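Trainee: Sending over start.txt (compact mmCIF, C-alpha atoms and all ligand atoms).
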# COMPACT_ATOMS: atom_id res chain seq x y z
CA MET A 1 144.28 -166.48 -8.69
CA ARG A 2 146.07 -163.40 -10.00
CA LEU A 3 144.31 -160.47 -8.42
CA LEU A 4 144.38 -156.92 -9.75
CA LEU A 5 143.96 -154.26 -7.08
CA LEU A 6 142.53 -150.99 -8.42
CA SER A 7 142.27 -148.36 -5.71
CA SER A 8 143.95 -145.03 -5.20
CA ALA A 9 143.99 -145.36 -1.39
CA PRO A 10 147.57 -144.84 -0.18
CA GLY A 11 149.33 -148.02 1.00
CA ILE A 12 146.39 -150.29 0.18
CA LEU A 13 148.36 -152.52 -2.23
CA GLN A 14 151.01 -153.30 0.39
CA GLU A 15 148.36 -153.88 3.04
CA TRP A 16 146.36 -156.27 0.87
CA ARG A 17 149.48 -158.08 -0.26
CA ALA A 18 150.53 -158.63 3.34
CA ALA A 19 147.03 -159.79 4.37
CA VAL A 20 146.81 -162.20 1.41
CA ALA A 21 150.34 -163.54 2.02
CA ARG A 22 149.30 -164.46 5.57
CA ALA A 23 145.90 -165.93 4.76
CA ALA A 24 146.18 -167.33 1.21
CA PRO A 25 149.81 -167.45 0.08
CA GLY A 26 148.95 -168.92 -3.36
CA ILE A 27 147.38 -165.68 -4.56
CA GLU A 28 149.33 -162.97 -6.36
CA VAL A 29 148.20 -159.39 -5.84
CA HIS A 30 149.35 -156.65 -8.23
CA GLY A 31 148.61 -153.01 -8.84
CA PRO A 32 147.83 -151.72 -12.35
CA ASP A 33 151.28 -150.15 -12.78
CA GLU A 34 153.29 -153.32 -12.25
CA GLU A 35 154.71 -155.26 -15.19
CA VAL A 36 152.03 -157.91 -15.41
CA PRO A 37 150.21 -158.32 -18.73
CA ALA A 38 146.58 -157.24 -18.48
CA ALA A 39 145.49 -160.63 -19.81
CA ALA A 40 147.11 -162.42 -16.86
CA PHE A 41 144.60 -161.17 -14.31
CA ASP A 42 141.59 -163.36 -13.61
CA ALA A 43 140.09 -161.40 -10.71
CA ALA A 44 139.96 -157.76 -9.68
CA LEU A 45 139.41 -155.98 -6.41
CA VAL A 46 138.29 -152.42 -7.04
CA PHE A 47 137.30 -149.18 -5.43
CA ALA A 48 135.97 -146.38 -7.65
CA PRO A 49 138.03 -147.26 -10.75
CA PRO A 50 137.96 -144.70 -13.58
CA ARG A 51 135.09 -145.21 -16.00
CA GLY A 52 135.83 -147.94 -18.56
CA ARG A 53 139.12 -148.88 -16.89
CA LEU A 54 138.19 -152.53 -16.25
CA ARG A 55 137.71 -153.09 -19.99
CA ARG A 56 141.49 -153.31 -20.32
CA TYR A 57 141.55 -156.71 -18.61
CA PRO A 58 140.05 -159.28 -21.00
CA ASN A 59 140.22 -162.41 -18.78
CA LEU A 60 138.55 -161.30 -15.55
CA LYS A 61 136.21 -163.96 -14.20
CA ILE A 62 135.02 -162.00 -11.18
CA ILE A 63 135.22 -158.44 -9.84
CA PHE A 64 135.11 -157.74 -6.11
CA SER A 65 133.97 -154.37 -4.84
CA LEU A 66 136.05 -153.00 -1.97
CA GLY A 67 133.27 -150.56 -1.15
CA ALA A 68 129.94 -151.68 0.29
CA GLY A 69 128.00 -149.31 -1.93
CA VAL A 70 128.30 -150.27 -5.57
CA GLU A 71 126.36 -147.36 -7.06
CA GLN A 72 129.46 -145.87 -8.76
CA LEU A 73 130.42 -149.17 -10.38
CA ILE A 74 126.90 -149.77 -11.65
CA ALA A 75 126.83 -146.27 -13.11
CA ASP A 76 129.78 -147.09 -15.42
CA PRO A 77 128.26 -147.86 -18.84
CA GLU A 78 131.51 -149.58 -19.85
CA PHE A 79 131.61 -151.94 -16.89
CA PRO A 80 132.54 -155.36 -18.34
CA ASP A 81 130.07 -158.19 -18.42
CA VAL A 82 131.70 -159.96 -15.48
CA PRO A 83 130.02 -160.86 -12.15
CA LEU A 84 130.41 -158.10 -9.58
CA VAL A 85 130.29 -159.16 -5.94
CA ARG A 86 130.53 -157.30 -2.65
CA LEU A 87 132.87 -158.53 0.04
CA MET A 88 131.28 -159.21 3.39
CA SER A 89 132.56 -160.42 6.73
CA ALA A 90 131.41 -160.87 10.29
CA ALA A 91 133.93 -158.18 11.28
CA LYS A 92 132.26 -155.67 8.99
CA GLN A 93 128.81 -156.55 10.33
CA ARG A 94 130.10 -156.23 13.90
CA LEU A 95 131.45 -152.74 13.22
CA MET A 96 128.11 -151.60 11.83
CA ASN A 97 126.28 -153.25 14.71
CA GLN A 98 128.37 -151.28 17.18
CA TRP A 99 127.68 -147.97 15.45
CA VAL A 100 123.96 -148.64 15.19
CA LEU A 101 123.70 -149.75 18.81
CA TYR A 102 125.52 -146.62 19.95
CA ALA A 103 123.16 -144.42 17.92
CA VAL A 104 120.02 -146.18 19.17
CA LEU A 105 121.15 -146.11 22.81
CA ARG A 106 122.03 -142.43 22.49
CA PHE A 107 118.34 -141.65 22.03
CA HIS A 108 116.86 -144.55 23.99
CA ARG A 109 118.83 -143.85 27.19
CA GLY A 110 118.76 -140.07 26.69
CA PHE A 111 122.50 -139.46 26.35
CA ASP A 112 121.65 -136.62 23.95
CA ARG A 113 119.68 -134.90 26.73
CA PHE A 114 122.38 -135.51 29.33
CA GLU A 115 124.95 -133.83 27.05
CA GLU A 116 122.70 -130.77 26.83
CA LEU A 117 122.13 -130.72 30.58
CA GLN A 118 125.83 -130.98 31.23
CA ARG A 119 126.53 -128.01 28.94
CA ALA A 120 123.96 -126.08 30.98
CA GLY A 121 125.73 -127.16 34.21
CA ARG A 122 122.73 -129.18 35.34
CA TRP A 123 122.89 -132.56 37.13
CA GLU A 124 119.45 -133.89 36.69
CA TRP A 125 117.58 -137.10 35.98
CA GLN A 126 113.89 -137.10 35.21
CA GLY A 127 113.52 -140.84 35.88
CA SER A 128 113.72 -143.72 33.48
CA GLY A 129 111.84 -143.37 30.23
CA PRO A 130 110.28 -146.24 28.33
CA GLY A 131 112.08 -149.58 28.53
CA ALA A 132 113.45 -151.20 25.38
CA ALA A 133 110.31 -153.31 25.02
CA GLU A 134 108.26 -150.13 24.68
CA ARG A 135 110.61 -148.53 22.17
CA CYS A 136 110.04 -149.21 18.49
CA VAL A 137 113.15 -149.20 16.32
CA SER A 138 112.69 -149.58 12.57
CA VAL A 139 115.56 -150.70 10.39
CA LEU A 140 115.32 -149.76 6.71
CA GLY A 141 117.24 -152.34 4.67
CA LEU A 142 117.49 -155.97 5.76
CA GLY A 143 120.59 -156.99 3.86
CA ASP A 144 123.84 -158.23 5.33
CA LEU A 145 124.17 -155.17 7.56
CA GLY A 146 120.54 -154.26 8.27
CA ARG A 147 119.60 -157.79 9.19
CA ALA A 148 122.51 -158.12 11.63
CA SER A 149 121.59 -154.80 13.25
CA ALA A 150 117.90 -155.73 13.49
CA GLU A 151 118.84 -158.99 15.20
CA LEU A 152 121.15 -157.23 17.64
CA LEU A 153 118.47 -154.67 18.54
CA ARG A 154 115.92 -157.46 18.96
CA ASP A 155 118.33 -159.20 21.33
CA GLN A 156 118.61 -155.95 23.31
CA GLY A 157 114.86 -156.19 23.88
CA PHE A 158 113.65 -153.47 21.49
CA GLN A 159 110.48 -153.81 19.44
CA VAL A 160 112.12 -154.10 16.04
CA ARG A 161 110.61 -153.60 12.62
CA GLY A 162 112.48 -154.17 9.42
CA TRP A 163 111.81 -152.95 5.92
CA SER A 164 113.04 -154.34 2.62
CA ARG A 165 112.13 -154.33 -1.07
CA SER A 166 111.02 -157.95 -1.17
CA PRO A 167 109.41 -159.93 1.69
CA ARG A 168 111.88 -161.08 4.38
CA SER A 169 111.46 -163.04 7.56
CA ILE A 170 113.58 -162.65 10.69
CA ASP A 171 112.71 -164.25 14.02
CA GLY A 172 111.38 -161.70 16.47
CA VAL A 173 111.44 -158.85 13.93
CA HIS A 174 108.24 -157.56 12.35
CA CYS A 175 109.20 -157.45 8.67
CA LEU A 176 107.45 -155.22 6.15
CA HIS A 177 108.27 -154.52 2.54
CA GLY A 178 107.55 -152.23 -0.36
CA PRO A 179 106.15 -148.69 -0.31
CA ALA A 180 103.00 -149.73 1.59
CA GLY A 181 105.12 -151.43 4.26
CA LEU A 182 107.08 -148.23 4.79
CA GLN A 183 103.94 -146.17 5.27
CA GLN A 184 102.69 -148.73 7.78
CA LEU A 185 105.89 -148.72 9.80
CA LEU A 186 106.54 -144.98 10.16
CA PRO A 187 103.77 -143.79 12.55
CA ASP A 188 104.90 -146.10 15.37
CA THR A 189 108.65 -145.67 14.93
CA ASP A 190 110.60 -144.04 17.77
CA ILE A 191 114.03 -144.51 16.21
CA LEU A 192 114.49 -144.93 12.46
CA VAL A 193 117.74 -146.54 11.28
CA CYS A 194 118.60 -146.43 7.56
CA LEU A 195 120.91 -149.11 6.16
CA LEU A 196 119.75 -149.00 2.56
CA PRO A 197 121.86 -149.05 -0.60
CA LEU A 198 121.70 -145.99 -2.84
CA THR A 199 119.43 -146.64 -5.80
CA ALA A 200 116.95 -144.59 -7.82
CA ALA A 201 114.25 -145.71 -5.36
CA THR A 202 116.13 -144.81 -2.18
CA ARG A 203 117.63 -141.47 -3.28
CA GLY A 204 115.97 -138.70 -1.26
CA LEU A 205 113.77 -141.19 0.61
CA LEU A 206 114.44 -139.59 4.00
CA ASN A 207 112.67 -136.31 3.32
CA ALA A 208 110.13 -133.90 4.85
CA GLU A 209 107.19 -136.10 3.93
CA LEU A 210 108.70 -139.15 5.60
CA PHE A 211 109.79 -137.20 8.70
CA ALA A 212 106.23 -135.85 9.04
CA ARG A 213 104.89 -139.40 9.21
CA LEU A 214 107.14 -140.22 12.16
CA PRO A 215 105.68 -139.40 15.58
CA ARG A 216 106.81 -136.18 17.26
CA GLY A 217 110.01 -136.83 19.20
CA ALA A 218 111.31 -139.60 16.91
CA ALA A 219 115.01 -139.82 16.06
CA VAL A 220 116.62 -140.54 12.68
CA VAL A 221 119.86 -142.46 12.17
CA ASN A 222 121.51 -142.85 8.74
CA ALA A 223 124.52 -145.01 7.89
CA GLY A 224 123.36 -145.88 4.36
CA ARG A 225 124.31 -143.14 1.90
CA GLY A 226 124.18 -139.36 2.19
CA GLN A 227 122.03 -138.90 -0.92
CA GLN A 228 119.22 -140.83 0.76
CA LEU A 229 118.56 -137.98 3.21
CA VAL A 230 117.51 -134.41 2.34
CA LEU A 231 119.57 -132.34 4.78
CA GLU A 232 117.43 -129.22 4.53
CA ASP A 233 114.34 -131.25 5.41
CA LEU A 234 116.16 -132.79 8.34
CA ARG A 235 117.23 -129.37 9.57
CA ALA A 236 113.64 -128.10 9.41
CA ALA A 237 112.34 -131.16 11.29
CA LEU A 238 115.01 -130.75 13.98
CA ASP A 239 114.46 -127.00 14.28
CA SER A 240 110.71 -127.37 14.64
CA GLY A 241 111.22 -129.98 17.36
CA HIS A 242 109.31 -132.59 15.38
CA LEU A 243 112.43 -134.76 15.41
CA ARG A 244 114.24 -135.10 18.70
CA GLY A 245 117.62 -135.68 17.09
CA ALA A 246 119.61 -137.39 14.38
CA MET A 247 122.88 -139.21 13.97
CA LEU A 248 124.46 -139.35 10.50
CA ASP A 249 127.51 -141.26 9.31
CA VAL A 250 126.90 -140.15 5.74
CA THR A 251 125.90 -136.78 4.28
CA ASP A 252 125.45 -135.14 0.90
CA PRO A 253 127.84 -133.49 0.24
CA GLU A 254 130.35 -135.50 2.19
CA PRO A 255 131.93 -133.95 4.13
CA LEU A 256 129.68 -130.95 4.71
CA PRO A 257 131.46 -127.75 3.66
CA PRO A 258 133.09 -125.64 6.39
CA GLY A 259 130.55 -123.31 7.96
CA HIS A 260 127.54 -125.46 7.02
CA PRO A 261 124.91 -124.76 9.71
CA LEU A 262 124.44 -128.46 10.46
CA TRP A 263 127.99 -128.74 11.81
CA GLN A 264 126.83 -126.80 14.86
CA HIS A 265 123.30 -128.17 15.20
CA PRO A 266 122.73 -129.08 18.85
CA HIS A 267 120.55 -132.08 18.02
CA LEU A 268 122.71 -133.67 15.38
CA VAL A 269 125.78 -135.89 15.61
CA ILE A 270 127.87 -136.42 12.47
CA THR A 271 130.55 -139.11 12.17
CA PRO A 272 132.97 -139.20 9.20
CA HIS A 273 131.68 -142.23 7.24
CA MET A 274 133.34 -144.61 9.65
CA ALA A 275 130.42 -146.72 10.84
CA SER A 276 131.75 -149.85 9.19
CA TYR A 277 134.62 -150.91 6.99
CA MET A 278 136.20 -154.16 5.93
CA PRO A 279 139.36 -155.17 7.81
CA HIS A 280 141.38 -156.61 4.86
CA GLU A 281 142.10 -160.00 6.38
CA SER A 282 138.44 -160.53 7.29
CA ALA A 283 137.46 -160.22 3.60
CA ILE A 284 139.71 -163.00 2.33
CA PRO A 285 137.41 -165.99 3.12
CA SER A 286 134.56 -164.28 1.23
CA LEU A 287 136.93 -163.52 -1.67
CA LEU A 288 138.29 -167.10 -1.88
CA ASP A 289 134.87 -168.68 -1.53
CA ASN A 290 133.40 -166.62 -4.35
CA TYR A 291 136.42 -167.21 -6.58
CA GLN A 292 136.02 -170.97 -6.11
CA ARG A 293 132.32 -170.66 -6.84
CA VAL A 294 132.95 -168.82 -10.10
CA LEU A 295 135.46 -171.48 -11.18
CA GLU A 296 132.94 -174.22 -10.45
CA GLY A 297 130.00 -172.33 -11.95
CA ARG A 298 128.16 -172.29 -8.61
CA GLU A 299 125.92 -169.53 -7.28
CA LEU A 300 127.88 -166.48 -6.09
CA LEU A 301 127.34 -164.88 -2.69
CA HIS A 302 126.67 -161.13 -2.38
CA LEU A 303 126.31 -160.91 -6.14
CA VAL A 304 125.30 -157.44 -7.29
CA ASP A 305 122.21 -157.33 -9.48
CA ARG A 306 122.94 -154.41 -11.78
CA ALA A 307 119.37 -154.05 -12.98
CA ARG A 308 118.11 -153.87 -9.38
CA GLY A 309 120.86 -151.38 -8.51
CA TYR A 310 122.46 -153.12 -5.51
N1 LIG A 401 128.39 -145.93 6.60
C1 LIG A 401 129.18 -146.96 6.39
O1 LIG A 401 130.30 -147.07 6.90
C2 LIG A 401 128.69 -148.06 5.49
C3 LIG A 401 129.43 -149.25 5.44
C4 LIG A 401 128.93 -150.30 4.68
C5 LIG A 401 127.74 -150.14 3.99
N2 LIG A 401 127.06 -148.96 4.05
C6 LIG A 401 125.79 -148.79 3.32
O2 LIG A 401 124.88 -149.79 3.76
C7 LIG A 401 124.19 -150.27 2.61
C8 LIG A 401 123.58 -151.63 2.91
O3 LIG A 401 124.58 -152.62 2.98
P1 LIG A 401 124.21 -154.19 2.95
O4 LIG A 401 125.48 -154.93 2.82
O5 LIG A 401 123.29 -154.52 4.08
O6 LIG A 401 123.37 -154.24 1.58
P2 LIG A 401 122.54 -155.45 0.94
O7 LIG A 401 122.95 -156.74 1.56
O8 LIG A 401 122.60 -155.26 -0.52
O9 LIG A 401 121.03 -155.15 1.45
C9 LIG A 401 120.26 -154.09 1.00
C10 LIG A 401 118.91 -154.12 1.70
O10 LIG A 401 118.18 -152.94 1.33
C11 LIG A 401 116.91 -153.34 0.82
N3 LIG A 401 116.46 -152.41 -0.22
C12 LIG A 401 117.10 -152.03 -1.35
N4 LIG A 401 116.33 -151.19 -2.08
C13 LIG A 401 115.18 -151.04 -1.37
C14 LIG A 401 113.99 -150.34 -1.61
N5 LIG A 401 113.82 -149.58 -2.70
N6 LIG A 401 113.01 -150.43 -0.70
C15 LIG A 401 113.15 -151.19 0.41
N7 LIG A 401 114.26 -151.90 0.69
C16 LIG A 401 115.27 -151.83 -0.20
C17 LIG A 401 117.12 -154.71 0.24
O11 LIG A 401 115.87 -155.37 0.10
P3 LIG A 401 115.79 -156.93 -0.34
O12 LIG A 401 116.15 -157.68 0.92
O13 LIG A 401 114.38 -157.11 -0.72
O14 LIG A 401 116.78 -157.13 -1.45
C18 LIG A 401 118.06 -155.34 1.28
O15 LIG A 401 117.31 -155.81 2.37
C19 LIG A 401 125.26 -150.27 1.52
O16 LIG A 401 124.69 -150.26 0.23
C20 LIG A 401 125.98 -148.97 1.81
O17 LIG A 401 125.35 -147.91 1.13
C21 LIG A 401 127.52 -147.92 4.79
As structure tokens, what does this structure read like?
Ligand SMILES: NC(=O)c1ccc[n+]([C@@H]2O[C@H](COP(=O)([O-])OP(=O)(O)OC[C@H]3O[C@@H](n4cnc5c(N)ncnc54)[C@H](OP(=O)(O)O)[C@@H]3O)[C@@H](O)[C@H]2O)c1

Mentor:
Amino acid sequence: MRLLLLSSAPGILQEWRAAVARAAPGIEVHGPDEEVPAAAFDAALVFAPPRGRLRRYPNLKIIFSLGAGVEQLIADPEFPDVPLVRLMSAAKQRLMNQWVLYAVLRFHRGFDRFEELQRAGRWEWQGSGPGAAERCVSVLGLGDLGRASAELLRDQGFQVRGWSRSPRSIDGVHCLHGPAGLQQLLPDTDILVCLLPLTAATRGLLNAELFARLPRGAAVVNAGRGQQLVLEDLRAALDSGHLRGAMLDVTDPEPLPPGHPLWQHPHLVITPHMASYMPHESAIPSLLDNYQRVLEGRELLHLVDRARGY
């Protein structure tokens, strides 16, 4: 395989080269500015390449997305007619699992309230609230990341519901799908976790109408994409006390501009889009496996369906 790496992240070419040299020494990795003819590349690993850029490489058999969200790639009308796949690894799932578990426990065990009490100089415990078995956590998106998080929360003893576009089945998780499934799930949800891809159907999904269908005191957690949540609606729901709190890894815009009122909101935690990422070395098995599959004409894993939008 001769792999083209297209990403403007500083140092990424050297890092990938080193990771590939350790794990799969037969593979050559080059940046676009090196003296390798464009026709010599048969695979590409890309993050937000300029529009139409991939058209310059006529012999690509497969394109790997470095980013988990592929909305920018799909939006390129000149994207070549080459299979686009996402890279996935257990390490990436584990990172998201940790972030989601932290967010859920923050509200479930009341760490948000203890932070407030501490700021007020109060040492106080009102007794244990509901146990995990009485707490309903709903995970929107049951893909590679959402499914892993739903299973982890189930194993922690929570009542877990999951929501997807098409019907899914996960042991010990009550799975719902489609718009009717979402309406069914909201009224009983104590903590809502969004791990959806950004598509026309999920843009703006977390809005005033949806928040109003959650019970008073529910919490909202988003690690999908910022454009899925309407910040002004979230602010209103937090200010009115309808929502107890929120934790966001993604916002729109990202980052929020300096002075944005949500920076200081007492019931909101914002992390800088760090919930999960792909440690380079962990991605190599998924990359090699899919490359082999494309050579042999077998089904690809994590293949992006451009018509579906993810
Ligand atoms: N914050 C971070 O650090 C970070 C890191 C990685 C990823 N992410 C975000 O997490 C997203 C999910 O990643 P993934 O790997 O789990 O994606 P994935 O494997 O493609 O799964 C997407 C899931 O969302 C569901 N879905 C899509 N559109 C829907 C709709 N309109 N209604 C209901 N369900 C819908 C899909 O339903 P089906 O099962 O029916 O297909 C699937 O279960 C990524 O797209 C990215 O935006 C964030």

Trainee: Go through A:Val20, A:Leu87, A:Leu234, A:Ala201 one by one, measure the shortest atom-to-atom distance of each to Leu303 in chain A using all atoms listed in the file, and give the residue with the smallest value.

Mentor: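 Looking at the shortest contact to Leu303 in chain A, the residue is A:Leu87.
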
Trainee: Here's a test: counting all atoms listed in the file, identify every protein, DNA and RNA residue with an atom at most 9 Å from (118.5, -152.5, 10.2) in the file's coordinate frame, and state them as a list of chain:residue names.

Mentor: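 The residues that fall inside the cut-off are A:Val100, A:Val137, A:Ser138, A:Val139, A:Leu140, A:Gly141, A:Leu142, A:Gly143, A:Leu145, A:Gly146, A:Arg147, A:Ala148, A:Ser149, A:Ala150, A:Glu151, A:Leu153, A:Val160, A:Arg161, A:Gly162, A:Trp163, A:Leu192, A:Val193, A:Cys194, A:Leu195, A:Leu196.
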
Trainee: Quick one: which chain A residues come within 8 Å of ligand LIG 401 (chain A), and what is the nearest atom pair for each with the distance in Å to one decimal, counting all atoms listed in the file, rows ordered by chain and ascending number, as a tab-separated table?

Mentor:
residue	atom	partner	partner_atom	distance
A:Gly67	CA	A:LIG401	C4	7.3
A:Ala68	CA	A:LIG401	C5	4.6
A:Gly69	CA	A:LIG401	O16	4.1
A:Val70	CA	A:LIG401	O16	6.8
A:Arg86	CA	A:LIG401	O4	7.8
A:Met88	CA	A:LIG401	O4	7.2
A:Lys92	CA	A:LIG401	C4	7.6
A:Met96	CA	A:LIG401	C3	6.9
A:Leu140	CA	A:LIG401	N7	6.5
A:Gly141	CA	A:LIG401	O10	3.5
A:Leu142	CA	A:LIG401	O15	3.4
A:Gly143	CA	A:LIG401	O9	3.1
A:Asp144	CA	A:LIG401	O5	4.0
A:Leu145	CA	A:LIG401	O5	3.6
A:Gly146	CA	A:LIG401	O5	5.0
A:Arg147	CA	A:LIG401	O5	7.1
A:Trp163	CA	A:LIG401	N7	5.9
A:Ser164	CA	A:LIG401	N7	3.3
A:Arg165	CA	A:LIG401	O13	3.6
A:Ser166	CA	A:LIG401	O13	3.5
A:Pro167	CA	A:LIG401	O13	6.2
A:Arg168	CA	A:LIG401	O12	6.5
A:His177	CA	A:LIG401	C15	6.3
A:Gly178	CA	A:LIG401	C15	5.7
A:Pro179	CA	A:LIG401	N6	7.1
A:Leu195	CA	A:LIG401	O2	4.7
A:Leu196	CA	A:LIG401	O10	4.4
A:Pro197	CA	A:LIG401	O16	3.2
A:Leu198	CA	A:LIG401	O17	5.7
A:Thr199	CA	A:LIG401	N4	6.6
A:Ala200	CA	A:LIG401	N5	7.8
A:Ala201	CA	A:LIG401	N5	4.7
A:Thr202	CA	A:LIG401	N5	5.3
A:Asn222	CA	A:LIG401	N1	7.8
A:Ala223	CA	A:LIG401	N1	4.2
A:Gly224	CA	A:LIG401	C6	3.9
A:Arg225	CA	A:LIG401	O17	4.9
A:Asp249	CA	A:LIG401	N1	5.5
A:Val250	CA	A:LIG401	N1	6.0
A:His273	CA	A:LIG401	N1	5.0
A:Met274	CA	A:LIG401	O1	4.8
A:Ala275	CA	A:LIG401	O1	4.0
A:Ser276	CA	A:LIG401	O1	3.9
A:Tyr277	CA	A:LIG401	C3	5.7
A:His302	CA	A:LIG401	O7	7.0
A:Val304	CA	A:LIG401	O8	7.6
A:Arg308	CA	A:LIG401	N4	8.0
A:Gly309	CA	A:LIG401	N4	7.9
A:Tyr310	CA	A:LIG401	O8	5.4

Trainee: Could you check the closest approach to Arg213 in chain A for each of A:Ala39, A:Leu185, A:Leu248, A:Leu117 and tell me which residue wins, using all atoms listed in the file?

Mentor: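 So, comparing all the options, the nearest one is A:Leu185.
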
Trainee: Hey, which of A:His260, A:Leu4, A:Ile170, A:Cys136 ends up closest to Glu35 in chain A? Count all atoms listed in the file.

Mentor: A:Leu4

Trainee: Fewer than 5 positions away in the same chain doesn't count, so skip those; otherwise give me all residues within 10 Å of range 44-49 of chain A, counting only C-alpha atoms, as a PyMOL selection string.

Mentor: chain A and resi 1-9+29-31+54+57+60-73+76+84-87+287

Trainee: Taking all atoms listed in the file into account, name the residue in A:Pro83, A:Gly26, A:Pro37, A:Pro272 that is nearest to Gly297 in chain A.

Mentor: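 Smallest distance to Gly297 in chain A is found for A:Pro83.
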
Trainee: Separation of CA of Leu243 in chain A and CA of Gln93 in chain A, in Å?

Mentor: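 If I compute the distance from CA of Leu243 in chain A to CA of Gln93 in chain A, I get 27.7 Å.
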
Trainee: Excluding Gln228 in chain A and its own-chain neighbours fewer than 6 positions away, which residues fall within 6 Å of it when counting only C-alpha atoms? Please give them as a ChimeraX atom specification.

Mentor: /A:202-206

Trainee: Of the candidates A:Gly181, A:Leu295, A:Asp305, A:Ile284, which shows the shortest atom-to-atom distance to Arg22 in chain A, using all atoms listed in the file?

Mentor: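 Using all atoms listed in the file, the shortest distance to Arg22 in chain A belongs to A:Ile284.
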
Trainee: Measuring between all atoms listed in the file, which one of A:His267, A:Leu210, A:Glu299, A:Ala218 shows the shortest distance to Arg235 in chain A?

Mentor: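 Comparing A:His267, A:Leu210, A:Glu299, A:Ala218 against Arg235 in chain A, the winner is A:His267.
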
Trainee: Enter the distance from CA of Gly157 in chain A to CA of Ala133 in chain A, in Å, rounded to one decimal.

Mentor: 5.5 Å

Trainee: So how far away is CA of Leu231 in chain A from CA of Leu262 in chain A, in Å?

Mentor: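 Interatomic distance, CA of Leu262 in chain A to CA of Leu231 in chain A: 8.4 Å.
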
Trainee: Write out as AutoDock Vina command-line options an axis-aligned box for range 187-204 of chain A: all of its atoms listed in the file, 5 Å added on each side, centre and edge lengths in Å with one decimal.

Mentor:
--center_x 112.8 --center_y -143.9 --center_z 5.0 --size_x 28.1 --size_y 20.4 --size_z 35.6

Trainee: Pick out the residues sitting within 9 Å of Gly241 in chain A, and hand them over as a tab-separated table (two decimals) with C-alpha atoms, in the frame of the given file; count only C-alpha atoms, and ignore anything fewer than 5 positions along from it in its own chain.

Mentor:
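Full text of around.tsv as output:
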chain	number	residue	atom	x	y	z
A	216	ARG	CA	106.81	-136.18	17.26
A	217	GLY	CA	110.01	-136.83	19.20
A	236	ALA	CA	113.64	-128.10	9.41
